[in-house]
$ cat final-v7.cif   # mmCIF, C-alpha atoms and all ligand atoms
data_start
#
loop_
_atom_site.label_atom_id
_atom_site.label_comp_id
_atom_site.auth_asym_id
_atom_site.auth_seq_id
_atom_site.Cartn_x
_atom_site.Cartn_y
_atom_site.Cartn_z
CA MET D 1 2.19 -23.13 16.17
CA PRO D 2 -0.68 -22.90 18.71
CA LEU D 3 0.46 -23.19 22.32
CA PRO D 4 -0.94 -25.62 24.88
CA SER D 5 -2.97 -24.18 27.72
CA LYS D 6 -1.27 -22.23 30.49
CA ARG D 7 -3.17 -24.19 33.13
CA GLY D 8 -1.89 -27.45 31.61
CA ILE D 9 1.65 -26.13 31.59
CA ASP D 10 1.31 -24.97 35.21
CA ILE D 11 -0.16 -28.19 36.56
CA ALA D 12 2.00 -29.96 39.19
CA ALA D 13 4.14 -32.78 37.77
CA SER D 14 4.06 -36.10 39.61
CA PRO D 15 6.99 -36.35 42.07
CA ILE D 16 6.59 -40.11 41.87
CA ARG D 17 7.29 -40.26 38.16
CA SER D 18 9.41 -37.14 37.55
CA LEU D 19 12.75 -38.97 37.76
CA LEU D 20 11.69 -41.80 35.43
CA PRO D 21 13.73 -40.60 32.41
CA TYR D 22 16.90 -40.93 34.55
CA ALA D 23 15.83 -44.38 35.68
CA ASP D 24 15.21 -45.43 32.08
CA ALA D 25 18.66 -44.18 31.09
CA ALA D 26 20.24 -46.13 33.98
CA LYS D 27 18.41 -49.28 32.83
CA ARG D 28 19.69 -48.79 29.30
CA GLU D 29 23.22 -48.65 30.76
CA GLY D 30 22.55 -52.05 32.32
CA ARG D 31 22.02 -51.02 35.94
CA HIS D 32 19.27 -52.68 37.95
CA ILE D 33 16.85 -50.26 39.65
CA TYR D 34 15.20 -51.02 42.97
CA HIS D 35 11.95 -49.10 42.63
CA LEU D 36 11.00 -47.76 46.04
CA ASN D 37 9.55 -44.68 44.38
CA ILE D 38 6.09 -45.86 43.36
CA GLY D 39 3.18 -47.55 45.14
CA GLN D 40 2.91 -50.39 42.65
CA PRO D 41 2.59 -53.51 44.81
CA ASP D 42 4.46 -56.65 43.73
CA ILE D 43 1.97 -58.97 45.48
CA VAL D 44 0.10 -61.13 42.98
CA THR D 45 -3.49 -60.08 42.16
CA PRO D 46 -6.15 -62.50 43.61
CA LEU D 47 -6.48 -65.82 41.78
CA GLU D 48 -10.22 -65.28 41.23
CA ALA D 49 -9.43 -62.05 39.36
CA ARG D 50 -6.78 -63.66 37.18
CA GLU D 51 -9.13 -66.54 36.39
CA TYR D 52 -11.76 -64.06 35.32
CA LEU D 53 -9.34 -62.44 32.86
CA GLU D 54 -8.31 -65.76 31.38
CA ALA D 55 -11.92 -66.87 30.88
CA GLN D 56 -12.89 -63.79 28.85
CA LYS D 57 -14.68 -64.56 25.61
CA ALA D 58 -17.23 -61.71 25.38
CA PRO D 59 -17.76 -60.89 21.67
CA ILE D 60 -18.63 -57.23 22.43
CA VAL D 61 -17.23 -55.17 25.27
CA LYS D 62 -20.27 -53.03 26.01
CA TYR D 63 -20.94 -49.86 27.93
CA GLY D 64 -22.34 -50.48 31.40
CA PRO D 65 -24.33 -48.29 33.79
CA SER D 66 -22.64 -44.95 34.60
CA GLU D 67 -22.85 -45.57 38.33
CA GLY D 68 -21.18 -48.99 37.99
CA LEU D 69 -22.37 -52.57 37.59
CA PRO D 70 -25.19 -53.23 40.10
CA GLU D 71 -23.62 -56.49 41.30
CA LEU D 72 -20.32 -54.68 42.00
CA ARG D 73 -22.03 -51.84 43.89
CA SER D 74 -23.78 -54.44 45.97
CA ALA D 75 -20.54 -56.39 46.61
CA ILE D 76 -18.80 -53.19 47.73
CA ALA D 77 -21.71 -52.19 50.00
CA THR D 78 -21.56 -55.66 51.60
CA TYR D 79 -17.77 -55.50 52.02
CA TYR D 80 -18.25 -52.30 54.05
CA ASP D 81 -20.41 -54.12 56.61
CA LYS D 82 -17.24 -55.03 58.48
CA PHE D 83 -16.64 -51.30 58.99
CA SER D 84 -20.22 -50.75 60.23
CA ALA D 85 -20.78 -48.35 57.35
CA GLY D 86 -24.46 -49.21 56.81
CA LEU D 87 -24.35 -48.68 53.03
CA THR D 88 -26.96 -49.32 50.40
CA ASN D 89 -25.98 -49.92 46.77
CA GLU D 90 -27.08 -46.37 45.90
CA ASP D 91 -24.39 -44.94 48.17
CA VAL D 92 -21.61 -46.44 46.02
CA TYR D 93 -20.49 -44.94 42.72
CA VAL D 94 -17.94 -47.03 40.85
CA THR D 95 -15.23 -44.88 39.27
CA THR D 96 -12.18 -45.22 37.07
CA GLY D 97 -9.84 -45.68 40.01
CA ALA D 98 -9.77 -43.59 43.15
CA SER D 99 -8.28 -40.94 40.88
CA GLU D 100 -11.60 -40.28 39.18
CA ALA D 101 -13.40 -40.47 42.54
CA ILE D 102 -11.17 -37.65 43.83
CA LEU D 103 -11.92 -35.50 40.82
CA PHE D 104 -15.68 -36.21 40.95
CA THR D 105 -15.70 -35.41 44.66
CA LEU D 106 -14.04 -32.03 44.20
CA LEU D 107 -16.22 -31.19 41.20
CA SER D 108 -19.37 -32.27 43.04
CA CYS D 109 -18.71 -30.58 46.39
CA CYS D 110 -16.86 -27.41 45.42
CA ASP D 111 -17.23 -24.45 43.09
CA PRO D 112 -14.24 -22.62 41.60
CA CYS D 113 -12.29 -20.73 44.32
CA ASP D 114 -13.79 -22.77 47.14
CA GLU D 115 -11.22 -23.90 49.69
CA VAL D 116 -10.40 -27.37 50.95
CA ILE D 117 -8.23 -27.79 54.03
CA ILE D 118 -5.74 -30.68 53.80
CA PRO D 119 -2.97 -31.79 56.17
CA GLU D 120 0.36 -31.91 54.36
CA PRO D 121 2.30 -33.89 53.24
CA PHE D 122 -0.48 -35.40 51.12
CA TYR D 123 -0.86 -37.65 48.08
CA ALA D 124 0.71 -35.46 45.42
CA ASN D 125 -2.01 -35.85 42.81
CA TYR D 126 -4.49 -33.98 45.04
CA LEU D 127 -2.71 -30.84 43.84
CA GLY D 128 -3.34 -31.63 40.18
CA PHE D 129 -6.98 -32.59 40.73
CA ALA D 130 -7.56 -29.43 42.77
CA ASP D 131 -6.08 -27.42 39.88
CA VAL D 132 -8.42 -29.10 37.39
CA ALA D 133 -11.41 -28.43 39.66
CA GLN D 134 -10.15 -24.87 40.34
CA VAL D 135 -10.32 -25.51 44.05
CA ASP D 136 -7.82 -23.87 46.42
CA ILE D 137 -5.92 -26.18 48.73
CA VAL D 138 -5.31 -24.76 52.18
CA PRO D 139 -2.57 -26.86 53.78
CA ILE D 140 -1.91 -27.59 57.45
CA SER D 141 1.60 -28.84 58.03
CA SER D 142 2.20 -32.06 59.91
CA TYR D 143 5.73 -33.01 60.91
CA LEU D 144 8.06 -35.97 60.78
CA GLU D 145 9.22 -35.22 64.36
CA LYS D 146 5.60 -35.78 65.45
CA GLU D 147 5.30 -38.81 63.19
CA PHE D 148 2.87 -36.87 61.01
CA SER D 149 0.04 -37.04 63.56
CA LEU D 150 -3.22 -35.23 62.76
CA PRO D 151 -2.91 -31.49 63.48
CA GLU D 152 -5.03 -30.21 66.40
CA PRO D 153 -8.67 -29.23 65.64
CA ASP D 154 -7.78 -25.59 66.42
CA GLU D 155 -5.38 -25.57 63.48
CA PHE D 156 -8.28 -26.49 61.19
CA VAL D 157 -10.64 -23.97 62.80
CA LYS D 158 -8.08 -21.18 62.30
CA ARG D 159 -8.12 -21.82 58.57
CA ILE D 160 -11.88 -21.95 58.06
CA THR D 161 -13.20 -19.03 56.00
CA SER D 162 -16.46 -18.28 54.18
CA ARG D 163 -14.96 -20.10 51.19
CA THR D 164 -14.10 -23.32 53.06
CA LYS D 165 -16.13 -26.20 51.70
CA ALA D 166 -14.39 -29.29 53.01
CA ILE D 167 -11.70 -30.90 55.08
CA PHE D 168 -9.85 -33.55 53.12
CA LEU D 169 -7.87 -36.33 54.80
CA CYS D 170 -5.95 -39.32 53.60
CA ASN D 171 -6.28 -41.99 56.28
CA PRO D 172 -4.15 -44.12 56.40
CA GLY D 173 -1.76 -41.66 54.85
CA ASN D 174 0.19 -41.66 51.66
CA PRO D 175 3.06 -40.62 51.85
CA THR D 176 3.27 -40.79 55.67
CA GLY D 177 2.11 -44.35 56.33
CA GLN D 178 0.31 -43.07 59.43
CA LEU D 179 -3.12 -43.92 60.81
CA TYR D 180 -4.92 -41.08 62.54
CA ASP D 181 -5.88 -41.56 66.14
CA GLU D 182 -9.59 -42.27 66.62
CA ASP D 183 -10.05 -39.66 69.35
CA GLN D 184 -8.36 -36.98 67.27
CA LEU D 185 -10.54 -37.88 64.32
CA TYR D 186 -13.60 -37.64 66.56
CA SER D 187 -12.59 -34.12 67.66
CA LEU D 188 -12.12 -33.07 64.04
CA ILE D 189 -15.54 -34.47 63.18
CA GLN D 190 -17.05 -32.09 65.76
CA VAL D 191 -15.43 -29.20 63.84
CA VAL D 192 -16.82 -30.52 60.55
CA LYS D 193 -20.31 -30.76 62.09
CA LYS D 194 -20.19 -27.32 63.70
CA HIS D 195 -19.03 -25.56 60.54
CA ASN D 196 -21.24 -27.59 58.21
CA LEU D 197 -18.40 -28.76 55.97
CA PHE D 198 -17.86 -31.84 53.87
CA LEU D 199 -15.39 -34.38 55.25
CA ILE D 200 -13.65 -36.12 52.37
CA VAL D 201 -11.51 -39.10 53.36
CA ASP D 202 -9.33 -41.10 51.03
CA GLU D 203 -9.24 -44.54 52.64
CA VAL D 204 -7.56 -46.55 49.89
CA TYR D 205 -5.02 -48.04 52.36
CA ARG D 206 -7.53 -48.93 55.09
CA GLU D 207 -6.82 -52.66 54.95
CA PHE D 208 -3.14 -52.25 55.77
CA CYS D 209 -3.11 -51.10 59.41
CA TYR D 210 -0.55 -52.94 61.51
CA ASP D 211 -0.73 -51.70 65.09
CA LYS D 212 -4.29 -50.62 65.76
CA ALA D 213 -7.70 -51.20 64.26
CA PHE D 214 -9.01 -48.97 61.50
CA LYS D 215 -12.27 -47.06 61.93
CA SER D 216 -13.83 -45.75 58.75
CA VAL D 217 -15.22 -42.26 58.82
CA LEU D 218 -18.43 -43.85 57.52
CA ALA D 219 -18.97 -45.39 60.95
CA TYR D 220 -19.21 -42.08 62.87
CA GLU D 221 -22.73 -41.00 63.75
CA GLY D 222 -24.29 -37.64 63.05
CA ILE D 223 -22.22 -36.65 60.00
CA GLU D 224 -23.59 -39.16 57.50
CA GLU D 225 -24.67 -36.43 55.09
CA GLN D 226 -21.30 -34.69 55.22
CA VAL D 227 -18.97 -37.61 54.54
CA ILE D 228 -17.48 -38.69 51.23
CA VAL D 229 -15.14 -41.68 51.14
CA ILE D 230 -12.76 -42.45 48.32
CA ASP D 231 -11.75 -46.04 47.74
CA SER D 232 -9.99 -48.24 45.19
CA ILE D 233 -9.12 -51.84 44.44
CA SER D 234 -5.66 -50.76 43.23
CA LYS D 235 -3.80 -51.32 46.49
CA VAL D 236 -6.03 -53.68 48.48
CA PHE D 237 -6.12 -56.25 45.69
CA SER D 238 -2.86 -55.34 43.92
CA ALA D 239 -4.94 -54.42 40.89
CA CYS D 240 -3.71 -50.94 39.93
CA GLY D 241 -4.17 -51.53 36.21
CA ALA D 242 -7.82 -52.56 36.48
CA ARG D 243 -8.65 -48.87 37.09
CA VAL D 244 -11.53 -49.42 39.48
CA GLY D 245 -12.32 -47.36 42.53
CA CYS D 246 -15.40 -45.82 44.08
CA LEU D 247 -16.89 -42.75 45.65
CA ILE D 248 -19.15 -43.37 48.62
CA THR D 249 -21.62 -40.91 50.06
CA LYS D 250 -25.00 -41.09 51.73
CA ASN D 251 -25.78 -37.50 50.75
CA ARG D 252 -28.56 -37.78 48.14
CA ASP D 253 -27.91 -34.28 46.69
CA VAL D 254 -24.24 -35.06 46.16
CA GLN D 255 -25.18 -38.42 44.66
CA ALA D 256 -27.35 -36.66 42.09
CA VAL D 257 -24.47 -34.40 41.05
CA VAL D 258 -21.93 -37.25 40.96
CA ASN D 259 -24.39 -39.10 38.76
CA LYS D 260 -24.20 -36.32 36.18
CA TYR D 261 -20.40 -36.44 36.03
CA ALA D 262 -20.59 -40.23 35.87
CA GLN D 263 -22.95 -40.06 32.90
CA LEU D 264 -20.68 -37.58 31.17
CA ARG D 265 -17.87 -40.13 31.03
CA LEU D 266 -20.39 -42.89 30.19
CA CYS D 267 -19.18 -45.73 32.42
CA PRO D 268 -16.25 -47.16 34.39
CA PRO D 269 -14.15 -49.90 32.69
CA TYR D 270 -16.22 -53.04 32.13
CA HIS D 271 -13.50 -55.67 32.52
CA GLY D 272 -11.98 -53.83 35.45
CA GLN D 273 -15.35 -54.01 37.21
CA GLN D 274 -15.75 -57.71 36.53
CA LEU D 275 -12.27 -58.27 37.87
CA ALA D 276 -13.17 -56.20 40.96
CA LEU D 277 -16.28 -58.29 41.44
CA ALA D 278 -14.14 -61.43 41.43
CA CYS D 279 -11.88 -59.83 44.08
CA TYR D 280 -14.84 -59.05 46.36
CA GLN D 281 -16.19 -62.63 46.23
CA ASN D 282 -14.02 -63.86 49.10
CA PRO D 283 -11.72 -60.99 50.02
CA GLU D 284 -10.63 -61.78 53.57
CA PRO D 285 -8.00 -64.54 53.13
CA TYR D 286 -6.29 -62.56 50.38
CA ILE D 287 -6.34 -59.29 52.32
CA SER D 288 -5.02 -60.79 55.55
CA SER D 289 -2.13 -62.50 53.80
CA ALA D 290 -1.18 -59.30 51.91
CA LYS D 291 -1.39 -57.36 55.17
CA GLU D 292 0.93 -59.80 56.96
CA GLU D 293 3.44 -59.53 54.12
CA TYR D 294 3.44 -55.73 54.30
CA ARG D 295 3.66 -55.79 58.10
CA SER D 296 6.73 -57.96 57.93
CA ARG D 297 8.31 -55.71 55.28
CA ARG D 298 7.51 -52.67 57.40
CA ASP D 299 9.33 -54.27 60.36
CA SER D 300 12.34 -55.23 58.21
CA LEU D 301 12.53 -51.77 56.71
CA TYR D 302 12.52 -50.22 60.17
CA GLU D 303 15.44 -52.42 61.23
CA LEU D 304 17.35 -51.77 58.02
CA LEU D 305 16.94 -48.01 58.37
CA SER D 306 18.44 -48.15 61.86
CA GLU D 307 21.72 -49.10 60.21
CA ILE D 308 21.92 -45.92 58.12
CA GLU D 309 23.69 -43.06 59.86
CA GLY D 310 22.23 -39.58 60.04
CA ILE D 311 18.65 -40.19 58.85
CA ASN D 312 15.46 -39.28 60.73
CA TYR D 313 12.75 -41.87 60.55
CA TYR D 314 9.86 -43.44 62.47
CA LYS D 315 7.90 -46.66 62.34
CA PRO D 316 4.83 -46.16 60.12
CA GLN D 317 1.61 -47.79 61.33
CA ALA D 318 -0.17 -48.39 58.05
CA ALA D 319 -0.17 -48.41 54.22
CA PHE D 320 3.19 -49.27 52.64
CA TYR D 321 5.10 -46.01 52.78
CA ASN D 322 7.69 -44.41 54.98
CA MET D 323 8.89 -40.82 54.89
CA ILE D 324 12.47 -40.35 56.00
CA GLU D 325 14.73 -37.33 56.30
CA LEU D 326 18.16 -37.69 54.71
CA PRO D 327 21.39 -36.01 55.79
CA VAL D 328 21.52 -34.03 52.54
CA ASP D 329 20.56 -30.46 51.62
CA ASP D 330 18.43 -31.35 48.64
CA ALA D 331 16.83 -34.79 48.53
CA GLU D 332 15.70 -34.36 44.93
CA ALA D 333 19.29 -33.72 43.76
CA PHE D 334 20.39 -36.78 45.72
CA CYS D 335 17.64 -38.98 44.20
CA LYS D 336 18.66 -37.84 40.74
CA TRP D 337 22.36 -38.46 41.46
CA MET D 338 21.51 -42.00 42.62
CA LEU D 339 20.12 -42.64 39.14
CA THR D 340 22.70 -40.79 37.05
CA ASP D 341 25.97 -41.37 38.91
CA PHE D 342 25.76 -44.17 41.42
CA GLU D 343 25.76 -47.93 41.45
CA TYR D 344 26.47 -50.59 44.01
CA GLN D 345 26.84 -54.16 42.81
CA GLY D 346 25.34 -53.23 39.44
CA ALA D 347 22.23 -51.61 40.91
CA THR D 348 20.83 -48.41 42.35
CA THR D 349 17.75 -47.39 44.35
CA MET D 350 15.04 -45.06 43.11
CA LEU D 351 13.16 -42.97 45.70
CA ALA D 352 10.42 -40.34 45.50
CA PRO D 353 11.68 -36.88 46.58
CA ALA D 354 9.18 -35.64 49.16
CA SER D 355 8.86 -31.95 48.28
CA GLY D 356 6.13 -32.74 45.72
CA PHE D 357 3.98 -34.16 48.54
CA TYR D 358 3.92 -30.77 50.22
CA PHE D 359 2.11 -27.58 49.36
CA ASN D 360 4.97 -25.77 51.13
CA GLN D 361 7.60 -27.67 49.17
CA GLU D 362 10.48 -26.45 51.31
CA LEU D 363 9.23 -28.63 54.19
CA GLY D 364 10.03 -31.76 52.20
CA ARG D 365 13.37 -30.61 50.83
CA LYS D 366 15.41 -33.14 52.81
CA GLN D 367 12.82 -35.90 52.83
CA VAL D 368 12.05 -38.85 50.58
CA ARG D 369 9.21 -41.34 50.45
CA LEU D 370 10.00 -45.05 50.38
CA ALA D 371 7.37 -47.54 49.22
CA TYR D 372 7.99 -51.02 50.64
CA ILE D 373 6.54 -52.81 47.67
CA LEU D 374 9.50 -55.12 47.05
CA ASN D 375 10.04 -58.57 48.56
CA LYS D 376 12.22 -58.57 51.67
CA GLU D 377 15.38 -59.68 49.89
CA ASP D 378 15.15 -56.88 47.32
CA LEU D 379 14.09 -54.42 50.01
CA ARG D 380 17.23 -55.26 51.97
CA ALA D 381 19.41 -54.85 48.88
CA ALA D 382 17.66 -51.55 48.05
CA ILE D 383 18.27 -50.10 51.53
CA ILE D 384 21.89 -51.27 51.64
CA CYS D 385 22.34 -49.58 48.26
CA LEU D 386 20.72 -46.40 49.63
CA GLY D 387 23.12 -46.42 52.62
CA LYS D 388 26.15 -46.87 50.34
CA GLY D 389 24.84 -44.11 48.08
CA LEU D 390 24.52 -41.72 51.03
CA ASP D 391 28.08 -42.50 52.14
CA SER D 392 29.48 -41.73 48.66
CA TYR D 393 27.32 -38.62 48.26
CA LYS D 394 28.45 -37.19 51.59
CA LYS D 395 32.11 -37.51 50.50
CA LEU D 396 31.27 -35.89 47.17
CA VAL D 397 29.49 -32.82 48.54
CA GLN D 398 31.75 -32.26 51.59
C1 LIG D 401 -3.87 -42.00 48.64
C2 LIG D 401 -4.15 -42.39 47.22
N1 LIG D 401 -5.32 -42.06 46.69
C3 LIG D 401 -5.61 -42.37 45.42
C4 LIG D 401 -4.72 -43.04 44.61
C5 LIG D 401 -5.09 -43.36 43.21
O1 LIG D 401 -5.52 -44.68 43.14
P1 LIG D 401 -6.15 -45.34 41.83
O2 LIG D 401 -5.11 -46.25 41.27
O3 LIG D 401 -7.31 -46.12 42.35
O4 LIG D 401 -6.56 -44.27 40.91
C6 LIG D 401 -3.48 -43.41 45.13
C7 LIG D 401 -2.48 -44.09 44.30
O5 LIG D 401 -1.34 -44.28 44.64
C8 LIG D 401 -3.18 -43.08 46.48
O6 LIG D 401 -2.02 -43.40 47.04
#

$ encode --input "final-v7.cif" --output "structure tokens"
Amino acid sequence: MPLPSKRGIDIAASPIRSLLPYADAAKREGRHIYHLNIGQPDIVTPLEAREYLEAQKAPIVKYGPSEGLPELRSAIATYYDKFSAGLTNEDVYVTTGASEAILFTLLSCCDPCDEVIIPEPFYANYLGFADVAQVDIVPISSYLEKEFSLPEPDEFVKRITSRTKAIFLCNPGNPTGQLYDEDQLYSLIQVVKKHNLFLIVDEVYREFCYDKAFKSVLAYEGIEEQVIVIDSISKVFSACGARVGCLITKNRDVQAVVNKYAQLRLCPPYHGQQLALACYQNPEPYISSAKEEYRSRRDSLYELLSEIEGINYYKPQAAFYNMIELPVDDAEAFCKWMLTDFEYQGATTMLAPASGFYFNQELGRKQVRLAYILNKEDLRAAIICLGKGLDSYKKLVQ
């Protein structure tokens, strides 16, 4: 029997989904699972988008332009006016989710063995996409004790080599839920300018910032040609299944290369793009109500966590994630045990073990990521269940 590729076998598995077989088994046994493990929002997709889907009668679902439907590119460029991004339609490439935008960015900016510096913990799939693009990730650790603030510019400078092609940030952060400080970002931009690097920023959570205003990296002057922004409708409009995102750059040379990759995969999903267009028609009321809901969940979660003994946690400023450190030796073993051996009132809580969000996996050994994507009642029940689980586990392993 022929064997699958070694690189496929070696590729990092998703820490968000790795425990799913245990969750499925628990469901078959009749236990309810509170899913705090995955960033699948429960907020209803905008009405305009759902109306679009219901009205569909197209007899042929055709290919569209590789760079995306012109009316959607224009709607996205206009949406960015509120971030003073100064975009034209040509700066926006519609992709199959932010996922494809990440891959296109790495393939367009880097050659095999080029290095990209990324603060860790980071969105776990960056590892897989870097593997596919044969790009080396050079991590800089950020720490829970410092609330995962952006490492100092010197830390980046120390890691720059002749192979460094880009600095890659996720702002606001998944899994940290943190928003980088504007001044710190400005200092890092000076490093990017001086060393003539690309600055790639995944901003898919930009609309969910609770304590201070968000400034897009597209609004900084003097690095226009160096910036690539990754975006998506998945989180902002609770439309993960539409598979629509975009890659934004004003660099004409990069655009030309992205265009070739875009043509290779023919076009982004047609219906997903129409749905996205409906979302961008009048986005503000929807976005502000979703943001308020997440803010209130963030506050509740913070209060609920204060009732669990022995954990280390902070108040995240953005997105809908929180990293916490548990009083256990191995958070992954605990998360698995919660699914295989524990229940409280007929239910258990599923979390994402954090080691998969780190390049240096040991740093996340005691940590988990929580996604506050459940309504407040379920969130409360999920955290109470987590607390009870920790109590039982402590007795078991003592
Ligand atoms: C930071 C970040 N970037 C990209 C993605 C992928 O988004 P999409 O659904 O648009 O592919 C996610 C999904 O969770 C994410 O959290």

$ residues_near_ligand --input "final-v7.cif" --ligand "ligand LIG 401 (chain D)" --cutoff "9 Å" --atoms "all atoms listed in the file" --output "ChimeraX atom specification"
/D:38-40,95-102,122-126,170-175,202-205,230-235,239-246,319

$ atom_distance --input "final-v7.cif" --atom1 "CA of Phe208 (chain D)" --atom2 "CA of Glu54 (chain D)"
28.4 Å

$ residues_around --input "final-v7.cif" --residues "Ala23 (chain D)" --least-positions-apart "6" --cutoff "8 Å" --atoms "all atoms listed in the file" --output "ChimeraX atom specification"
/D:33,339-340,350

$ residues_around --input "final-v7.cif" --residues "Leu396 (chain D)" --least-positions-apart "3" --cutoff "12 Å" --atoms "only C-alpha atoms" --output "short mmCIF file (atom, residue, chain, number, x, y, z; two decimals) with C-alpha atoms, keeping the file's coordinate frame"
data_model
loop_
_atom_site.label_atom_id
_atom_site.label_comp_id
_atom_site.auth_asym_id
_atom_site.auth_seq_id
_atom_site.Cartn_x
_atom_site.Cartn_y
_atom_site.Cartn_z
CA VAL D 328 21.52 -34.03 52.54
CA PHE D 334 20.39 -36.78 45.72
CA TRP D 337 22.36 -38.46 41.46
CA ASP D 341 25.97 -41.37 38.91
CA PHE D 342 25.76 -44.17 41.42
CA GLY D 389 24.84 -44.11 48.08
CA LEU D 390 24.52 -41.72 51.03
CA ASP D 391 28.08 -42.50 52.14
CA SER D 392 29.48 -41.73 48.66
CA TYR D 393 27.32 -38.62 48.26
#

$ residues_near_point --input "final-v7.cif" --point "(-21.3, -33.9, 52.1)" --cutoff "8 Å" --atoms "all atoms listed in the file" --output "ChimeraX atom specification"
/D:109,197-200,224-228,249,251,254

$ atom_distance --input "final-v7.cif" --atom1 "CA of Lys165 (chain D)" --atom2 "CA of Ala256 (chain D)"
18.1 Å

$ decode --input "final-v7.cif" --residues "region 92-97 of chain D" --atoms "all heavy atoms" --output "short mmCIF file (atom, residue, chain, number, x, y, z; two decimals), in the first residue's frame"
data_model
loop_
_atom_site.label_atom_id
_atom_site.label_comp_id
_atom_site.auth_asym_id
_atom_site.auth_seq_id
_atom_site.Cartn_x
_atom_site.Cartn_y
_atom_site.Cartn_z
N VAL D 92 -7.93 44.90 -2.42
CA VAL D 92 -8.66 43.86 -1.69
C VAL D 92 -8.77 42.60 -2.55
O VAL D 92 -9.33 42.64 -3.65
CB VAL D 92 -10.10 44.36 -1.36
CG1 VAL D 92 -10.88 43.27 -0.61
CG2 VAL D 92 -10.07 45.66 -0.56
N TYR D 93 -8.25 41.51 -2.04
CA TYR D 93 -8.44 40.20 -2.70
C TYR D 93 -9.36 39.35 -1.86
O TYR D 93 -9.03 39.05 -0.71
CB TYR D 93 -7.10 39.48 -2.88
CG TYR D 93 -6.42 39.95 -4.12
CD1 TYR D 93 -5.71 41.13 -4.12
CD2 TYR D 93 -6.57 39.25 -5.30
CE1 TYR D 93 -5.14 41.62 -5.27
CE2 TYR D 93 -6.01 39.73 -6.47
CZ TYR D 93 -5.30 40.92 -6.44
OH TYR D 93 -4.75 41.40 -7.59
N VAL D 94 -10.50 38.96 -2.40
CA VAL D 94 -11.42 38.11 -1.63
C VAL D 94 -10.87 36.68 -1.67
O VAL D 94 -10.41 36.20 -2.71
CB VAL D 94 -12.84 38.17 -2.22
CG1 VAL D 94 -13.79 37.32 -1.37
CG2 VAL D 94 -13.34 39.61 -2.29
N THR D 95 -10.92 36.04 -0.49
CA THR D 95 -10.35 34.68 -0.38
C THR D 95 -11.37 33.74 0.26
O THR D 95 -12.40 34.18 0.77
CB THR D 95 -9.09 34.72 0.50
OG1 THR D 95 -9.43 35.36 1.74
CG2 THR D 95 -7.95 35.44 -0.17
N THR D 96 -11.02 32.46 0.22
CA THR D 96 -11.88 31.45 0.86
C THR D 96 -11.54 31.45 2.35
O THR D 96 -10.73 30.66 2.83
CB THR D 96 -11.62 30.07 0.22
OG1 THR D 96 -11.76 30.22 -1.20
CG2 THR D 96 -12.63 29.05 0.70
N GLY D 97 -12.14 32.38 3.06
CA GLY D 97 -11.85 32.58 4.48
C GLY D 97 -10.50 33.25 4.68
O GLY D 97 -9.69 33.37 3.75
#
